[in-house]
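Report on the following structure.
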Amino acid sequence: MNINPGYLIFLWTLNAILYLSWALLFLSRAWAMADALLAATVGLWSQILMTQLLLSQINMLYPLPLGLVNIALSGILITIAWVGGFPHRVRACITNLHSTLRELRAAPVSLIVVLLFSLWIVWVAILGLILPPYAFDDHHYHGPIVALTIQNGRVGLFESSIYWIRSYPKNSELLGVWNSIFCHCDTLVDLAMLPFFPNAALASYVAARRLGASAPGAILAAAVLGSAPAMLIQSKTLYNDIMVASLWATGVALALPSQPTRSVPGRVVSVTLVGLTAGILAGVKYTALAHAVGLFILTLLLLPPRSIRESIVSAFLFASGTFLLGGHWYLANWLTFGNPLWPFQIRAGTSLLFPGDIDITIFREGDISLAVVSSLPDWLRPAFTWLDPQLPFTVDSRLAGFGALWIVIGIPALLIWMGRAIALRRPQPLILAGVHLLVLVLQPFNWIPRYVLCTLTLGGCSVGAIEAYLTQGARRWLGAITVVLVALSMFLSLDHYFFDVQRLRRFAQLPDAQRNAMNFDPGTFGETYRWVDSNLPPRTVVLCGNDVVLPYPLWGTRFERRIIWAPLTDPQTHMNEVRAAGAEYAFVKTGGRQAAALLQAGAIPVFSGNDGWQVLQIASKTSHHRNYGR
């Protein structure tokens, strides 16, 4: 693996310190352990994001300041927890844990589900340590944002020909930065989403417990979301749909009122935590704004304020958390591009409110999945894809990804729960279903399962809610079916093309220096990419051509090269701007307009591959050039 084991131990230890400091803080308030651990994840991610954003403002986003600031903050939290009485809560926590474990031992199928999930985490961690990032969007914009942040010591609206690098919210990429910045290598970059897999299961567990499920029943409820193929496959990528699903489940769980027997935070703390969760969500991607709105509505309806003063305080806390962790991305776009959702145009009817380069309607109608579902009415498209009609599952499955457990157990449980709610006139299930439906309607691509994984949270809540009413025999059948379908989802989610055993064995035997994207996926990255990796030394500044769709491998596995973009103008002006930016080489499309402009202005061709790309050396008045090949 391309990482020193010492760095690996350091990062795991640092994460453990940060997480435990938040967990101790919430446990010192006598919360139920699962609730405290879930709230600690919100605190942990909020701290990681905020410290990076603040250090970025002073161009100090480097390993030493980042590590010291976070350790100092954790020290403060541990001190507060100690003063708040954590030592006196230890016995109660241990007693609570023993009680839960006894309950789980009486239902071995729930322990099998936990074991299966644990095995998947280990499997993905091993893949992450051996393999480089492999998914398309990882190389297109997720990975480049991580690399540019580490390269520049700040995060922002970077100059690039790729829209998503310039303007998209970058909270998910900042977690990739966190995984990479201390070791200055990308070995762990695509494991940044892995923690959201167990957190999604934990959030679903907490939600089910707050709805009255037993501990074993809550684990079976958690399996509805946790075993979704889209969740499983994306746990080893920088695709952020798994992050959205996990955060949504977290917000729902923290917004739900608890059973009288469970100790949970007060309303103000709950609203603050849900607001922070909504902020992290809004800062992941544009479509997650719908999820943030949904959490705000859930907070109003499930945690209603008791007075005008409490309404004002709650609104302020929710809005503050949302803006600090997510809203600032949209403000930056507004100030820079005149449009908070740039590059998309924003219209009200026929009126153009904010200009952009992309018409969302045309963008939506160009999706390849519409070739299958375009004949269906809009309201029926999501229902079609809920049934997973296409195999195999892939990281970018367009018409599948919910999994068999949702079909066999989640949907029937949802129908039964809604029927009981209507018959018994219970508003809470209908509120949850209504808000999920609202989020579904607001999604522009709501027939693509990985964009609306939030629906599975409702399925899990349904399983947890009805579990208390099942007979012992029905619970046994529920457990047996769940175990079988979880195992089936995992088998179907192995992605046999990318993770073929023989391919993994051959790649693992390569020297560390050759264990990169070009050697893992040579069909995508041809000989010009490999030439750059073999011939351009560290600290070389490379101009990335405006036609390059997959720029991430150009940095190298240790971010050793610097990559820049420059808009194409007339040849001499373009060459002057490229020189002023310090570029020494250019990676451009063979025969493209940018290549022609640079060659006309004096660039020297040094390599042309048969993959459609070429490398040019940027000429200077005093330099001497050497021709490297074809």
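The chains in the structure tokens are called A, B, ... from first to last as shown; in each chain the residues are counted from 1, and the ligands are counted from 1 in the order shown.
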Check: If we count only C-alpha atoms, what is near range 46-56 of chain A at a cut-off of 9 Å, once residues fewer than 2 positions away on the same chain are taken out, given as a list in words?
Finding: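 The neighbour list is Leu18, Thr41, Val42, Gly43, Leu44, Ile58, Asn59, Met60, Leu61, Tyr62, Pro65, Leu66, Val69, Asn70, Leu73, Thr149, Gly153, Arg154, Val155, Gly156, Asn171, Leu174, Leu175, Trp178, Leu276, Thr277, Ile280, Leu324 and Leu325 of chain A.
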Notebook entry, point to check: Within 12 Å of range 364-374 of chain A, counting only C-alpha atoms, which residues qualify if same-chain residues fewer than 3 places away don't, as a ChimeraX atom specification?
Noted result: /A:344,358-361,377-385,389-390,396-400,443-449
For the selection you just gave me, I'd like the residues written to a file as a JSON list (two decimals), in the first residue's frame, keeping N, CA, C and O atoms.
[["chain", "number", "residue", "atom", "x", "y", "z"],
["A", 344, "PHE", "N", -26.13, 26.10, -13.06],
["A", 344, "PHE", "CA", -27.50, 25.87, -13.51],
["A", 344, "PHE", "C", -28.29, 27.17, -13.57],
["A", 344, "PHE", "O", -28.20, 28.00, -12.66],
["A", 358, "ILE", "N", -25.93, 26.10, -17.80],
["A", 358, "ILE", "CA", -26.63, 24.84, -18.01],
["A", 358, "ILE", "C", -28.11, 25.02, -17.73],
["A", 358, "ILE", "O", -28.49, 25.51, -16.65],
["A", 359, "ASP", "N", -28.95, 24.64, -18.67],
["A", 359, "ASP", "CA", -30.39, 24.61, -18.46],
["A", 359, "ASP", "C", -30.73, 23.27, -17.80],
["A", 359, "ASP", "O", -30.52, 22.20, -18.41],
["A", 360, "ILE", "N", -31.23, 23.30, -16.57],
["A", 360, "ILE", "CA", -31.45, 22.08, -15.80],
["A", 360, "ILE", "C", -32.44, 21.15, -16.51],
["A", 360, "ILE", "O", -32.32, 19.92, -16.45],
["A", 361, "THR", "N", -33.40, 21.73, -17.25],
["A", 361, "THR", "CA", -34.38, 20.90, -17.96],
["A", 361, "THR", "C", -33.71, 20.08, -19.05],
["A", 361, "THR", "O", -33.93, 18.87, -19.18],
["A", 377, "PRO", "N", -45.17, 8.09, -16.73],
["A", 377, "PRO", "CA", -45.44, 9.41, -16.13],
["A", 377, "PRO", "C", -44.44, 9.69, -15.01],
["A", 377, "PRO", "O", -43.89, 8.76, -14.40],
["A", 378, "ASP", "N", -44.21, 10.97, -14.72],
["A", 378, "ASP", "CA", -43.19, 11.35, -13.73],
["A", 378, "ASP", "C", -43.38, 10.65, -12.39],
["A", 378, "ASP", "O", -42.42, 10.22, -11.77],
["A", 379, "TRP", "N", -44.63, 10.52, -11.94],
["A", 379, "TRP", "CA", -44.87, 9.97, -10.61],
["A", 379, "TRP", "C", -44.58, 8.47, -10.53],
["A", 379, "TRP", "O", -44.35, 7.93, -9.45],
["A", 380, "LEU", "N", -44.58, 7.81, -11.72],
["A", 380, "LEU", "CA", -44.37, 6.35, -11.72],
["A", 380, "LEU", "C", -42.91, 5.97, -11.90],
["A", 380, "LEU", "O", -42.52, 4.84, -11.61],
["A", 381, "ARG", "N", -42.07, 6.91, -12.34],
["A", 381, "ARG", "CA", -40.66, 6.59, -12.58],
["A", 381, "ARG", "C", -39.95, 6.11, -11.31],
["A", 381, "ARG", "O", -39.24, 5.10, -11.34],
["A", 382, "PRO", "N", -40.09, 6.81, -10.18],
["A", 382, "PRO", "CA", -39.42, 6.30, -8.96],
["A", 382, "PRO", "C", -39.92, 4.91, -8.58],
["A", 382, "PRO", "O", -39.12, 4.06, -8.17],
["A", 383, "ALA", "N", -41.22, 4.66, -8.68],
["A", 383, "ALA", "CA", -41.75, 3.35, -8.31],
["A", 383, "ALA", "C", -41.16, 2.25, -9.19],
["A", 383, "ALA", "O", -40.92, 1.13, -8.72],
["A", 384, "PHE", "N", -40.89, 2.57, -10.46],
["A", 384, "PHE", "CA", -40.28, 1.59, -11.37],
["A", 384, "PHE", "C", -38.88, 1.21, -10.89],
["A", 384, "PHE", "O", -38.53, 0.02, -10.81],
["A", 385, "THR", "N", -38.07, 2.19, -10.53],
["A", 385, "THR", "CA", -36.69, 1.90, -10.14],
["A", 385, "THR", "C", -36.59, 1.37, -8.72],
["A", 385, "THR", "O", -35.56, 0.79, -8.36],
["A", 389, "PRO", "N", -34.88, -3.07, -11.37],
["A", 389, "PRO", "CA", -35.11, -3.90, -12.56],
["A", 389, "PRO", "C", -33.86, -4.23, -13.36],
["A", 389, "PRO", "O", -33.96, -5.00, -14.32],
["A", 390, "GLN", "N", -32.72, -3.64, -13.04],
["A", 390, "GLN", "CA", -31.53, -3.87, -13.85],
["A", 390, "GLN", "C", -30.36, -4.36, -13.01],
["A", 390, "GLN", "O", -30.11, -3.84, -11.93],
["A", 396, "ASP", "N", -22.51, 3.62, -10.38],
["A", 396, "ASP", "CA", -23.37, 4.65, -10.97],
["A", 396, "ASP", "C", -24.63, 4.02, -11.55],
["A", 396, "ASP", "O", -25.11, 4.42, -12.60],
["A", 397, "SER", "N", -25.18, 3.05, -10.83],
["A", 397, "SER", "CA", -26.42, 2.41, -11.29],
["A", 397, "SER", "C", -27.50, 3.47, -11.46],
["A", 397, "SER", "O", -27.75, 4.26, -10.55],
["A", 398, "ARG", "N", -28.16, 3.46, -12.61],
["A", 398, "ARG", "CA", -29.16, 4.48, -12.91],
["A", 398, "ARG", "C", -30.58, 4.02, -12.64],
["A", 398, "ARG", "O", -31.47, 4.85, -12.46],
["A", 399, "LEU", "N", -30.82, 2.73, -12.65],
["A", 399, "LEU", "CA", -32.18, 2.24, -12.48],
["A", 399, "LEU", "C", -32.26, 1.17, -11.40],
["A", 399, "LEU", "O", -33.21, 0.40, -11.34],
["A", 400, "ALA", "N", -31.25, 1.09, -10.55],
["A", 400, "ALA", "CA", -31.24, 0.08, -9.50],
["A", 400, "ALA", "C", -30.35, 0.55, -8.36],
["A", 400, "ALA", "O", -29.57, 1.48, -8.51],
["A", 443, "GLN", "N", -36.51, 16.37, -5.93],
["A", 443, "GLN", "CA", -35.31, 15.89, -6.60],
["A", 443, "GLN", "C", -35.50, 15.91, -8.11],
["A", 443, "GLN", "O", -36.48, 15.34, -8.62],
["A", 444, "PRO", "N", -34.60, 16.54, -8.87],
["A", 444, "PRO", "CA", -34.78, 16.59, -10.33],
["A", 444, "PRO", "C", -34.58, 15.25, -11.03],
["A", 444, "PRO", "O", -35.05, 15.06, -12.14],
["A", 445, "PHE", "N", -33.87, 14.32, -10.39],
["A", 445, "PHE", "CA", -33.64, 12.99, -10.97],
["A", 445, "PHE", "C", -34.17, 11.93, -10.00],
["A", 445, "PHE", "O", -33.46, 11.00, -9.63],
["A", 446, "ASN", "N", -35.44, 12.05, -9.61],
["A", 446, "ASN", "CA", -35.93, 11.21, -8.51],
["A", 446, "ASN", "C", -36.19, 9.77, -8.91],
["A", 446, "ASN", "O", -36.59, 8.96, -8.06],
["A", 447, "TRP", "N", -35.98, 9.41, -10.16],
["A", 447, "TRP", "CA", -36.11, 7.99, -10.55],
["A", 447, "TRP", "C", -34.77, 7.26, -10.45],
["A", 447, "TRP", "O", -34.72, 6.05, -10.65],
["A", 448, "ILE", "N", -33.68, 7.98, -10.18],
["A", 448, "ILE", "CA", -32.37, 7.34, -10.05],
["A", 448, "ILE", "C", -32.15, 7.00, -8.58],
["A", 448, "ILE", "O", -32.02, 7.90, -7.74],
["A", 449, "PRO", "N", -32.11, 5.73, -8.22],
["A", 449, "PRO", "CA", -32.13, 5.34, -6.80],
["A", 449, "PRO", "C", -31.03, 5.97, -5.95],
["A", 449, "PRO", "O", -31.29, 6.35, -4.81]]
Margin query: When you look at range 220-229 of chain A with a cut-off of 7 Å (counting only C-alpha atoms), what residues show up, excluding the ones that are within fewer than 5 positions of it in the same chain? I need them as a ChimeraX atom specification.
Written below: /A:110,197,200-201,204-205,208,393,401-403,405-406,410,456-457,459-461,463-464,479,482,486,489,493
Checklist line | helix (DSSP H, G or I) positions in range 544-608 of chain A, given as a PyMOL selection string | finding: chain A and resi 552-555+571-580+593-600
Item checked: Between CA of Val252 in chain A and CA of Ala278 in chain A - distance in Å to one decimal -> 10.4 Å
Next item on the list: Using only C-alpha atoms, find the one residue out of A:Gly67, A:Phe26, A:Ala404, A:Ile165 that sits nearest to Ser270 in chain A.
Entry: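 Using only C-alpha atoms, the shortest distance to Ser270 in chain A belongs to A:Phe26.
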